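Everything below belongs to input.cif, which stores mmCIF, C-alpha atoms and all ligand atoms.
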data_start
loop_
_atom_site.label_atom_id
_atom_site.label_comp_id
_atom_site.auth_asym_id
_atom_site.auth_seq_id
_atom_site.Cartn_x
_atom_site.Cartn_y
_atom_site.Cartn_z
CA MET A 1 -39.09 -40.17 9.86
CA PRO A 2 -40.78 -38.30 12.73
CA GLU A 3 -43.09 -35.52 11.51
CA LYS A 4 -42.14 -31.90 12.30
CA ARG A 5 -44.48 -28.97 11.81
CA VAL A 6 -42.80 -26.48 9.48
CA GLU A 7 -42.38 -23.18 11.28
CA LYS A 8 -40.22 -20.24 10.29
CA PRO A 9 -36.96 -20.61 12.25
CA LYS A 10 -36.74 -18.01 15.00
CA THR A 11 -33.84 -15.57 15.12
CA LEU A 12 -32.18 -14.88 18.43
CA VAL A 13 -29.66 -12.18 19.14
CA LEU A 14 -27.25 -13.32 21.82
CA GLY A 15 -25.46 -10.43 23.50
CA VAL A 16 -22.27 -11.56 25.21
CA SER A 17 -20.77 -9.16 27.76
CA GLY A 18 -17.37 -9.52 29.37
CA GLY A 19 -17.25 -12.07 32.18
CA ILE A 20 -15.49 -15.36 32.73
CA ALA A 21 -18.76 -17.19 31.94
CA CYS A 22 -18.33 -16.17 28.27
CA TYR A 23 -17.05 -19.67 27.61
CA LYS A 24 -20.44 -21.07 28.69
CA ALA A 25 -22.14 -18.80 26.14
CA VAL A 26 -20.36 -20.84 23.44
CA GLU A 27 -22.16 -23.97 24.68
CA LEU A 28 -25.40 -21.97 24.79
CA VAL A 29 -24.99 -21.06 21.09
CA ARG A 30 -24.36 -24.72 20.26
CA LEU A 31 -27.55 -25.81 22.04
CA LEU A 32 -29.60 -23.05 20.40
CA VAL A 33 -28.35 -23.88 16.91
CA ARG A 34 -29.10 -27.55 17.58
CA ALA A 35 -32.63 -26.59 18.66
CA GLY A 36 -33.16 -24.95 15.24
CA PHE A 37 -32.70 -21.25 16.11
CA GLY A 38 -30.77 -18.80 13.95
CA VAL A 39 -28.30 -17.20 16.38
CA GLN A 40 -26.70 -13.82 15.76
CA VAL A 41 -24.01 -13.13 18.31
CA VAL A 42 -23.17 -9.57 19.38
CA MET A 43 -20.08 -9.19 21.57
CA THR A 44 -18.94 -6.28 23.70
CA ARG A 45 -15.28 -5.25 23.60
CA GLU A 46 -14.78 -6.75 27.10
CA ALA A 47 -16.27 -10.10 26.02
CA MET A 48 -13.63 -10.34 23.30
CA GLU A 49 -10.97 -10.34 26.04
CA PHE A 50 -12.35 -13.72 27.18
CA VAL A 51 -13.41 -15.52 23.96
CA THR A 52 -12.65 -14.60 20.34
CA PRO A 53 -15.42 -13.75 17.85
CA LEU A 54 -14.08 -16.57 15.66
CA THR A 55 -15.22 -19.15 18.24
CA PHE A 56 -18.81 -17.81 18.19
CA GLN A 57 -18.74 -17.39 14.41
CA THR A 58 -17.73 -21.02 13.94
CA ILE A 59 -20.45 -22.35 16.24
CA SER A 60 -23.24 -19.99 15.08
CA GLY A 61 -22.33 -20.10 11.39
CA ARG A 62 -22.77 -16.30 11.17
CA PRO A 63 -20.35 -13.37 11.35
CA VAL A 64 -20.24 -11.93 14.86
CA ALA A 65 -21.24 -8.29 15.30
CA THR A 66 -18.89 -6.28 17.48
CA GLU A 67 -18.68 -2.68 16.23
CA THR A 68 -21.21 0.11 15.79
CA PHE A 69 -18.92 2.23 13.67
CA SER A 70 -17.48 -0.40 11.36
CA LEU A 71 -18.59 0.42 7.80
CA THR A 72 -18.68 -3.22 6.71
CA GLN A 73 -20.52 -4.50 9.81
CA GLU A 74 -23.02 -1.64 9.75
CA SER A 75 -23.85 -2.20 6.08
CA GLU A 76 -23.94 -6.02 6.35
CA ILE A 77 -25.52 -6.52 9.77
CA GLY A 78 -26.64 -3.06 10.98
CA HIS A 79 -27.78 -2.29 14.50
CA ILE A 80 -31.39 -1.47 13.56
CA ASN A 81 -31.54 -4.59 11.43
CA LEU A 82 -30.38 -6.68 14.39
CA ALA A 83 -32.95 -5.07 16.67
CA ASP A 84 -35.78 -5.65 14.18
CA GLN A 85 -34.84 -9.19 13.14
CA ALA A 86 -34.65 -10.59 16.64
CA ASP A 87 -37.54 -12.72 17.89
CA ALA A 88 -35.81 -12.42 21.28
CA ILE A 89 -32.59 -10.99 22.65
CA ILE A 90 -30.62 -12.81 25.33
CA ILE A 91 -27.80 -11.28 27.33
CA ALA A 92 -25.64 -14.10 28.65
CA PRO A 93 -23.52 -13.61 30.55
CA ALA A 94 -24.87 -10.24 31.70
CA THR A 95 -22.33 -8.39 33.83
CA ALA A 96 -23.16 -5.80 36.50
CA ASN A 97 -21.86 -3.19 34.05
CA ILE A 98 -24.18 -4.08 31.15
CA ILE A 99 -27.16 -4.38 33.52
CA GLY A 100 -26.35 -0.93 34.90
CA LYS A 101 -26.09 0.52 31.40
CA ILE A 102 -29.41 -0.95 30.22
CA ALA A 103 -31.17 0.22 33.39
CA SER A 104 -29.77 3.76 32.89
CA GLY A 105 -30.62 3.96 29.18
CA ILE A 106 -27.00 4.15 28.08
CA ALA A 107 -26.39 3.11 24.47
CA ASP A 108 -22.66 3.57 23.91
CA ASP A 109 -21.74 0.38 22.04
CA LEU A 110 -23.36 -2.00 19.56
CA LEU A 111 -25.08 -4.28 22.09
CA THR A 112 -26.62 -1.49 24.18
CA THR A 113 -27.68 0.32 20.98
CA VAL A 114 -29.43 -2.80 19.69
CA LEU A 115 -31.16 -3.19 23.06
CA MET A 116 -32.33 0.42 22.94
CA ALA A 117 -33.79 -0.08 19.45
CA THR A 118 -35.51 -3.44 19.88
CA ARG A 119 -39.13 -4.31 20.56
CA ALA A 120 -38.33 -8.01 21.02
CA PRO A 121 -38.49 -9.61 24.48
CA VAL A 122 -35.15 -9.43 26.29
CA LEU A 123 -33.86 -12.14 28.63
CA ILE A 124 -31.03 -11.24 31.00
CA ALA A 125 -28.88 -14.02 32.52
CA PRO A 126 -26.65 -12.34 35.13
CA SER A 127 -23.26 -13.74 36.09
CA MET A 128 -20.85 -12.09 38.50
CA ASN A 129 -19.16 -12.26 41.91
CA THR A 130 -21.60 -12.87 44.80
CA HIS A 131 -20.92 -9.50 46.46
CA MET A 132 -21.46 -7.70 43.16
CA TYR A 133 -24.73 -9.59 42.72
CA GLU A 134 -25.87 -8.69 46.24
CA ASN A 135 -24.93 -5.02 45.79
CA PRO A 136 -28.12 -2.97 46.33
CA ILE A 137 -27.42 -0.87 43.22
CA LEU A 138 -27.35 -3.99 41.03
CA GLN A 139 -30.46 -5.35 42.77
CA GLU A 140 -32.26 -2.02 42.24
CA ASN A 141 -31.27 -2.11 38.55
CA LEU A 142 -32.65 -5.64 38.17
CA ARG A 143 -35.91 -4.68 39.86
CA LYS A 144 -36.22 -1.67 37.57
CA LEU A 145 -35.63 -3.83 34.47
CA ALA A 146 -38.15 -6.44 35.66
CA ARG A 147 -40.70 -3.63 36.17
CA LEU A 148 -40.05 -2.47 32.61
CA GLY A 149 -40.81 -5.95 31.24
CA TYR A 150 -37.31 -7.38 30.88
CA HIS A 151 -37.10 -11.10 31.74
CA ILE A 152 -34.50 -11.81 34.41
CA MET A 153 -33.03 -15.20 35.31
CA GLU A 154 -31.72 -15.93 38.79
CA PRO A 155 -28.01 -16.78 38.75
CA ALA A 156 -27.12 -20.26 39.99
CA GLU A 157 -25.31 -20.90 43.27
CA GLY A 158 -21.98 -22.65 43.65
CA TYR A 159 -18.26 -22.23 43.26
CA LEU A 160 -17.38 -19.02 41.37
CA ALA A 161 -14.28 -18.46 39.23
CA CYS A 162 -13.23 -15.58 41.55
CA GLY A 163 -12.84 -18.11 44.39
CA TYR A 164 -16.09 -17.23 46.19
CA GLU A 165 -18.89 -19.65 46.84
CA GLY A 166 -22.47 -18.39 46.48
CA LYS A 167 -24.96 -16.92 44.05
CA GLY A 168 -23.55 -15.53 40.82
CA ARG A 169 -22.92 -18.41 38.42
CA LEU A 170 -24.41 -18.14 34.95
CA PRO A 171 -27.52 -20.36 34.89
CA GLU A 172 -26.89 -23.65 33.08
CA PRO A 173 -27.13 -23.25 29.27
CA GLU A 174 -29.93 -25.90 29.19
CA ASP A 175 -31.97 -23.80 31.63
CA ILE A 176 -31.42 -20.66 29.53
CA VAL A 177 -32.59 -22.57 26.42
CA GLU A 178 -35.70 -23.65 28.31
CA ARG A 179 -36.48 -20.03 29.31
CA ILE A 180 -36.08 -18.93 25.69
CA HIS A 181 -38.55 -21.59 24.51
CA GLY A 182 -40.98 -20.35 27.16
CA LEU A 183 -40.48 -16.74 26.09
CA LEU A 184 -41.35 -17.51 22.48
CA LYS A 185 -44.39 -19.77 22.96
CA LYS A 186 -47.99 -18.58 22.97
CA LYS A 187 -49.31 -18.68 26.54
CA ASP A 188 -52.55 -20.41 25.60
CA LEU A 189 -52.46 -22.70 28.67
CA ALA A 190 -52.01 -19.83 31.12
CA SER A 191 -55.29 -20.57 32.89
CA GLU A 192 -54.54 -24.30 33.30
CA GLN A 193 -53.36 -26.13 36.43
CA LEU A 194 -52.03 -29.34 34.91
CA LEU A 195 -51.62 -32.51 36.93
CA ILE A 196 -49.35 -34.82 34.95
CA THR A 197 -48.16 -38.31 35.80
CA ALA A 198 -45.07 -39.93 34.31
CA GLY A 199 -42.88 -42.99 34.47
CA PRO A 200 -43.27 -46.45 35.91
CA ASN A 201 -44.07 -47.68 39.41
CA HIS A 202 -41.73 -49.81 41.45
CA GLU A 203 -43.66 -52.41 43.42
CA PRO A 204 -41.28 -53.84 46.05
CA LEU A 205 -40.92 -57.55 46.48
CA ASP A 206 -38.13 -57.65 49.04
CA PRO A 207 -35.51 -55.04 50.15
CA VAL A 208 -33.54 -55.40 46.89
CA ARG A 209 -36.12 -56.33 44.25
CA PHE A 210 -39.18 -54.76 42.69
CA ILE A 211 -41.60 -55.26 39.80
CA ALA A 212 -41.56 -52.46 37.24
CA ASN A 213 -42.15 -51.74 33.54
CA ARG A 214 -40.25 -50.11 30.70
CA SER A 215 -41.67 -46.58 31.00
CA SER A 216 -38.85 -44.00 30.94
CA GLY A 217 -41.04 -41.02 31.87
CA LYS A 218 -40.16 -39.21 28.61
CA MET A 219 -43.79 -38.78 27.50
CA GLY A 220 -44.96 -37.34 30.82
CA TYR A 221 -41.92 -35.06 31.14
CA ALA A 222 -42.48 -33.81 27.57
CA LEU A 223 -46.08 -32.96 28.53
CA ALA A 224 -44.79 -31.10 31.59
CA ARG A 225 -42.16 -29.18 29.59
CA GLN A 226 -44.52 -28.13 26.78
CA GLY A 227 -47.26 -27.24 29.30
CA LEU A 228 -44.85 -24.94 31.15
CA ARG A 229 -43.70 -23.35 27.91
CA ARG A 230 -47.33 -22.58 27.07
CA GLY A 231 -47.88 -20.88 30.40
CA ALA A 232 -49.53 -23.61 32.55
CA GLN A 233 -48.86 -24.35 36.22
CA VAL A 234 -47.57 -27.91 36.28
CA THR A 235 -47.54 -30.51 39.03
CA LEU A 236 -45.61 -33.59 37.91
CA ILE A 237 -46.19 -36.81 39.84
CA SER A 238 -43.42 -39.08 38.70
CA GLY A 239 -42.39 -42.65 39.28
CA PRO A 240 -38.64 -43.37 39.33
CA THR A 241 -36.92 -42.09 36.16
CA ALA A 242 -33.45 -40.95 35.11
CA LEU A 243 -34.80 -37.62 33.84
CA ALA A 244 -34.26 -34.11 35.20
CA PRO A 245 -37.63 -32.46 35.89
CA PRO A 246 -38.36 -29.44 33.68
CA ALA A 247 -37.54 -26.14 35.43
CA GLY A 248 -40.71 -24.64 36.88
CA ALA A 249 -42.59 -27.91 37.45
CA ARG A 250 -43.63 -28.90 40.97
CA LEU A 251 -42.27 -32.43 41.22
CA ILE A 252 -43.82 -35.05 43.51
CA PRO A 253 -41.67 -38.19 43.32
CA VAL A 254 -43.37 -41.51 44.10
CA GLN A 255 -42.47 -45.19 43.87
CA THR A 256 -45.56 -47.39 44.04
CA ALA A 257 -49.02 -47.17 42.46
CA ALA A 258 -50.49 -46.67 45.94
CA GLU A 259 -48.21 -43.65 46.53
CA MET A 260 -49.08 -42.32 43.08
CA ARG A 261 -52.81 -42.70 43.79
CA GLN A 262 -52.52 -40.92 47.13
CA ALA A 263 -50.59 -37.99 45.59
CA ILE A 264 -53.04 -37.71 42.66
CA LEU A 265 -56.14 -37.74 44.86
CA LYS A 266 -54.62 -34.99 47.02
CA GLU A 267 -53.79 -32.78 44.02
CA PHE A 268 -56.89 -33.59 41.94
CA PRO A 269 -59.29 -30.94 43.38
CA LYS A 270 -56.87 -28.11 42.39
CA ALA A 271 -56.31 -29.36 38.84
CA THR A 272 -58.08 -28.12 35.72
CA ALA A 273 -56.75 -31.03 33.64
CA VAL A 274 -55.11 -34.37 34.39
CA LEU A 275 -52.81 -36.12 31.92
CA MET A 276 -52.07 -39.72 32.95
CA ALA A 277 -49.00 -40.68 30.92
CA ALA A 278 -47.65 -42.87 33.73
CA ALA A 279 -47.55 -46.59 33.16
CA VAL A 280 -49.27 -47.35 36.46
CA ALA A 281 -48.47 -50.82 37.78
CA ASP A 282 -51.56 -52.99 37.40
CA TYR A 283 -50.32 -55.47 40.02
CA ARG A 284 -48.20 -55.51 43.16
CA PRO A 285 -46.72 -58.46 45.06
CA GLU A 286 -49.27 -59.80 47.56
CA LYS A 287 -46.76 -59.42 50.36
CA PHE A 288 -43.47 -57.66 50.89
CA VAL A 289 -40.77 -60.02 52.18
CA PRO A 290 -38.71 -58.00 54.72
CA ARG A 291 -35.51 -60.03 54.10
CA LYS A 292 -33.83 -60.71 50.75
CA ILE A 293 -35.48 -63.79 49.22
CA LYS A 294 -32.80 -66.49 49.10
CA ARG A 295 -31.98 -68.30 45.90
CA GLY A 296 -33.24 -71.90 45.81
CA THR A 297 -33.60 -74.72 43.33
CA ALA A 298 -37.40 -75.04 43.48
CA ALA A 299 -39.69 -72.89 41.30
CA LEU A 300 -40.83 -69.71 43.02
CA THR A 301 -44.42 -68.56 42.62
CA LEU A 302 -45.31 -64.93 43.15
CA GLN A 303 -48.82 -63.95 44.20
CA LEU A 304 -49.83 -60.60 42.75
CA ARG A 305 -52.77 -58.41 43.76
CA PRO A 306 -54.42 -55.92 41.41
CA ASN A 307 -53.81 -52.22 42.10
CA PRO A 308 -56.71 -49.79 42.00
CA ASP A 309 -57.40 -48.18 38.63
CA ILE A 310 -56.58 -44.56 39.47
CA LEU A 311 -57.92 -43.03 36.27
CA ARG A 312 -61.24 -44.82 36.62
CA GLU A 313 -61.49 -43.38 40.13
CA LEU A 314 -60.81 -39.88 38.78
CA GLY A 315 -63.45 -40.37 36.08
CA ALA A 316 -66.01 -41.18 38.79
CA ARG A 317 -65.02 -38.21 40.97
CA LYS A 318 -64.37 -35.54 38.35
CA ASN A 319 -65.84 -32.14 38.91
CA GLY A 320 -64.99 -30.07 35.85
CA GLN A 321 -61.48 -31.46 35.41
CA PHE A 322 -60.50 -32.41 31.85
CA LEU A 323 -59.24 -36.00 31.89
CA VAL A 324 -56.64 -37.27 29.43
CA GLY A 325 -55.74 -40.94 29.58
CA PHE A 326 -53.13 -42.89 27.66
CA ALA A 327 -53.56 -46.37 26.29
CA ALA A 328 -50.50 -48.53 25.67
CA GLU A 329 -51.77 -51.22 23.33
CA THR A 330 -50.22 -54.14 21.53
CA GLU A 331 -53.40 -55.05 19.57
CA ALA A 332 -56.81 -53.61 18.55
CA LEU A 333 -55.58 -50.09 19.31
CA VAL A 334 -58.70 -48.08 18.50
CA ILE A 335 -61.22 -50.58 19.89
CA ASN A 336 -59.38 -50.93 23.20
CA ALA A 337 -58.78 -47.19 23.48
CA LYS A 338 -62.46 -46.40 22.83
CA LYS A 339 -63.42 -48.83 25.59
CA LYS A 340 -61.04 -47.13 28.06
CA LEU A 341 -62.28 -43.67 27.02
CA ARG A 342 -65.87 -44.67 27.74
CA GLU A 343 -65.35 -46.79 30.86
CA LYS A 344 -63.00 -44.32 32.59
CA LYS A 345 -65.19 -41.31 31.58
CA LEU A 346 -62.29 -39.57 29.84
CA ASP A 347 -62.43 -36.47 27.64
CA LEU A 348 -59.49 -37.58 25.52
CA ILE A 349 -57.36 -40.68 25.19
CA VAL A 350 -53.94 -40.95 23.56
CA ALA A 351 -53.60 -44.43 22.15
CA ASN A 352 -50.08 -45.59 21.37
CA ASP A 353 -49.28 -48.78 19.54
CA VAL A 354 -46.31 -49.84 21.63
CA THR A 355 -45.31 -52.55 19.14
CA GLN A 356 -44.44 -49.96 16.48
CA GLU A 357 -40.73 -49.13 16.04
CA GLY A 358 -39.90 -45.75 17.66
CA SER A 359 -43.24 -45.57 19.47
CA GLY A 360 -44.27 -45.96 23.12
CA PHE A 361 -41.96 -47.06 25.90
CA ASP A 362 -38.53 -45.44 26.23
CA ALA A 363 -38.40 -44.03 22.68
CA ASP A 364 -37.86 -40.30 22.03
CA THR A 365 -40.69 -40.44 19.51
CA ASN A 366 -44.27 -41.65 19.59
CA ALA A 367 -47.02 -42.46 17.08
CA ALA A 368 -50.45 -41.94 18.60
CA THR A 369 -54.12 -41.82 17.76
CA LEU A 370 -56.21 -39.25 19.63
CA LEU A 371 -59.79 -40.24 20.43
CA ASP A 372 -62.12 -37.85 22.20
CA ARG A 373 -65.51 -37.85 23.92
CA THR A 374 -67.22 -36.43 20.79
CA GLY A 375 -66.26 -39.57 18.83
CA ALA A 376 -63.46 -37.91 16.83
CA VAL A 377 -60.51 -40.18 15.95
CA ARG A 378 -57.28 -38.50 14.83
CA ARG A 379 -54.35 -40.68 13.72
CA LEU A 380 -51.02 -38.86 14.06
CA PRO A 381 -47.75 -39.85 12.40
CA LEU A 382 -44.51 -40.62 14.25
CA MET A 383 -43.20 -37.45 15.90
CA SER A 384 -41.09 -36.38 18.88
CA LYS A 385 -42.77 -36.70 22.27
CA GLY A 386 -42.49 -32.90 22.64
CA GLU A 387 -44.35 -32.40 19.37
CA LEU A 388 -47.00 -34.95 20.41
CA ALA A 389 -47.44 -33.14 23.72
CA ASP A 390 -48.20 -29.96 21.78
CA ARG A 391 -50.75 -31.78 19.60
CA ILE A 392 -52.45 -33.14 22.71
CA TYR A 393 -52.68 -29.62 24.17
CA ASP A 394 -54.01 -28.23 20.86
CA HIS A 395 -56.71 -30.93 20.91
CA LEU A 396 -57.52 -30.29 24.58
CA LEU A 397 -57.95 -26.54 23.96
CA ALA A 398 -60.10 -27.10 20.86
CA LEU A 399 -62.31 -29.55 22.75
CA LYS A 400 -62.65 -27.20 25.74
CA LYS A 401 -63.87 -24.43 23.39
CA LYS A 402 -66.67 -26.65 22.00
O1 LIG B 1 -42.63 -43.21 29.74
P1 LIG B 1 -42.26 -43.41 28.28
O2 LIG B 1 -41.08 -44.33 28.13
O3 LIG B 1 -42.09 -42.11 27.55
O4 LIG B 1 -43.46 -44.20 27.58
C1 LIG B 1 -44.68 -43.56 27.40
C2 LIG B 1 -45.86 -44.52 27.66
C3 LIG B 1 -45.88 -45.61 26.60
C4 LIG B 1 -45.74 -45.15 29.05
C5 LIG B 1 -47.16 -43.62 27.59
O5 LIG B 1 -47.27 -43.05 26.31
C6 LIG B 1 -48.42 -44.44 27.89
O6 LIG B 1 -49.01 -45.04 27.01
N1 LIG B 1 -48.84 -44.45 29.18
C7 LIG B 1 -49.94 -45.26 29.68
C8 LIG B 1 -49.49 -46.67 29.84
C9 LIG B 1 -50.57 -47.54 30.46
O7 LIG B 1 -50.48 -47.82 31.60
O8 LIG B 1 -51.58 -47.83 29.65
P2 LIG B 1 -52.91 -48.67 30.14
O9 LIG B 1 -53.61 -48.89 28.85
O10 LIG B 1 -52.48 -49.83 30.95
O11 LIG B 1 -53.69 -47.68 31.06
C10 LIG B 1 -54.70 -46.79 30.57
C11 LIG B 1 -54.69 -45.50 31.38
O12 LIG B 1 -55.09 -45.79 32.74
C12 LIG B 1 -53.36 -44.83 31.48
O13 LIG B 1 -53.54 -43.42 31.36
C13 LIG B 1 -52.84 -45.19 32.87
O14 LIG B 1 -52.02 -44.15 33.40
C14 LIG B 1 -54.13 -45.36 33.67
N2 LIG B 1 -54.05 -46.38 34.72
C15 LIG B 1 -53.66 -47.66 34.42
C16 LIG B 1 -53.64 -48.62 35.41
C17 LIG B 1 -54.01 -48.26 36.72
N3 LIG B 1 -53.96 -49.15 37.70
N4 LIG B 1 -54.37 -47.00 36.99
C18 LIG B 1 -54.42 -46.07 36.02
O15 LIG B 1 -54.75 -44.91 36.27
#

Translate the structure of the given file into structure tokens.
Ligand code: PMT
Amino acid sequence: MPEKRVEKPKTLVLGVSGGIACYKAVELVRLLVRAGFGVQVVMTREAMEFVTPLTFQTISGRPVATETFSLTQESEIGHINLADQADAIIIAPATANIIGKIASGIADDLLTTVLMATRAPVLIAPSMNTHMYENPILQENLRKLARLGYHIMEPAEGYLACGYEGKGRLPEPEDIVERIHGLLKKKDLASEQLLITAGPNHEPLDPVRFIANRSSGKMGYALARQGLRRGAQVTLISGPTALAPPAGARLIPVQTAAEMRQAILKEFPKATAVLMAAAVADYRPEKFVPRKIKRGTAALTLQLRPNPDILRELGARKNGQFLVGFAAETEALVINAKKKLREKKLDLIVANDVTQEGSGFDADTNAATLLDRTGAVRRLPLMSKGELADRIYDHLLALKKK
């Protein structure tokens, strides 16, 4: 079983105001519950015209709060209780009306009263018709709220339920979840400019074939996501993967090891730390055949040339950057990792035994041993790649303090 650090589950209050995107808030609750949050939904009267409280109650597993002056709701849930319990409050969808009310200090229903009473961070996810969104009054209200410390998401662009095309769609529930994670994390990487590599390389052989490896990119993308949540600036240099880059990362897509090297060397001087989770191709075909190689009956021999070792090059050039390498090993894990740590002049190496079930290539989990320049060796149990990314950052910060 992957290890999980036991943390008190966070409580979120989700305020749902009355817009057609209310149905997407149901999916948002599902994702939040799945991510381990306790979700208390508060609905405005207008929201109940679109979706019933029963729907939210079923998905959140908690009674939905709708009334300020209901004796049962006030004694069981209570508006001050809601305001105090919340680790964060999210308004999704946030209509022009609710945004106007918050900005004007109006507290005339349960949701606006809770917002008035809370000290928790508040995230507003607007959703409305494009012209309403562009209205200078709404824009002025959003600016005022941002000045006051409210967190505002940009609506997405696209086809709107009112028939218009443009800005005004509720941001995707996955993106809202990501913002919430970011809101709740300590920003202990805020001074870091992370350069992260992920995925495999494709080394072309002819126009339709390439040599590659089994890296999915999940480890590197998890490092990028957790780094962003902890406040870092992230540049993600990625080989071809099927993954969506985490919102907020600067993505530089590459194919070959040579392209990856070129991108890394360009970005290296700006970085404070480099995390090389990519499975860089060690070899490339000696020559690229410009036409599709025809099938034949004789054996075909491929000549391969070694690619430069990018991390070794960074170790030789480093000028204050903290270097984290990965070692994918099938034998003598610690011995081989120690050798790479020393030879590539790394500060930290994450050694994964890629023969272990659920560890290494393509898995959602990883079991790693962290070895650092001080000689410390820390064996970690199987855990999600997100959790491992956090452990790597904890180790990096502790080592930087020494
Ligand atoms: O992408 P996933 O499916 O999530 O899988 C994650 C992973 C198993 C790919 C990842 O955890 C990992 O171990 N990445 C490094 C894989 C690897 O190439 O290991 P290596 O032991 O061959 O290389 C050692 C280090 O040197 C690595 O940091 C590598 O990025 C770097 N290297 C390797 C070769 C090369 N030519 N240049 C390099 O910079």

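Across the model, the gap from CA of Ala88 (chain A) to CA of Lys10 (chain A) is 8.5 Å.
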
How many Å lie between CA of Ile91 (chain A) and CA of Ala244 (chain A), rounded to one decimal? 25.0 Å

From the options A:Gln193, A:Asn336, A:Thr256, A:Thr374, which residue's atoms come nearest to Leu205 (chain A), counting all atoms listed in the file?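 For Leu205 (chain A), the nearest of the candidates is A:Thr256.
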
So, counting all atoms listed in the file, which residue among A:Thr355, A:Gln303, A:Ser70, A:Ser216 is closest to ligand LIG 1 (chain B)?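 Using all atoms listed in the file, the shortest distance to ligand LIG 1 (chain B) belongs to A:Ser216.
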
List all protein, DNA and RNA residues that have an atom no more than 8 Å from any atom of ligand LIG 1 (chain B), counting only C-alpha atoms and all ligand atoms, and report them as a ChimeraX atom specification. /A:197-200,214-221,257,275-283,306-313,324-329,337,340,349-352,354,359-364,366,385

Interatomic distance between CA of Met116 (chain A) and CA of Ile98 (chain A)?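 Calculated distance between CA of Met116 (chain A) and CA of Ile98 (chain A) is 12.4 Å.
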
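Among A:Ala376, A:Ala83, A:Leu243, A:Leu142, the residue with the shortest atom-to-atom distance to Arg225 (chain A), counting all atoms listed in the file, is A:Leu243.
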
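Ranking A:Gly100, A:Leu184, A:Thr113, A:Thr52 by their shortest atom-to-atom distance to Arg143 (chain A), with all atoms listed in the file included, puts A:Gly100 first.
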
Measuring atom to atom with all atoms listed in the file, identify which of A:Ile20, A:Ile180, A:Leu82, A:Ala249 is nearest to Phe37 (chain A).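 Smallest separation from Phe37 (chain A) among the options: A:Ile180.
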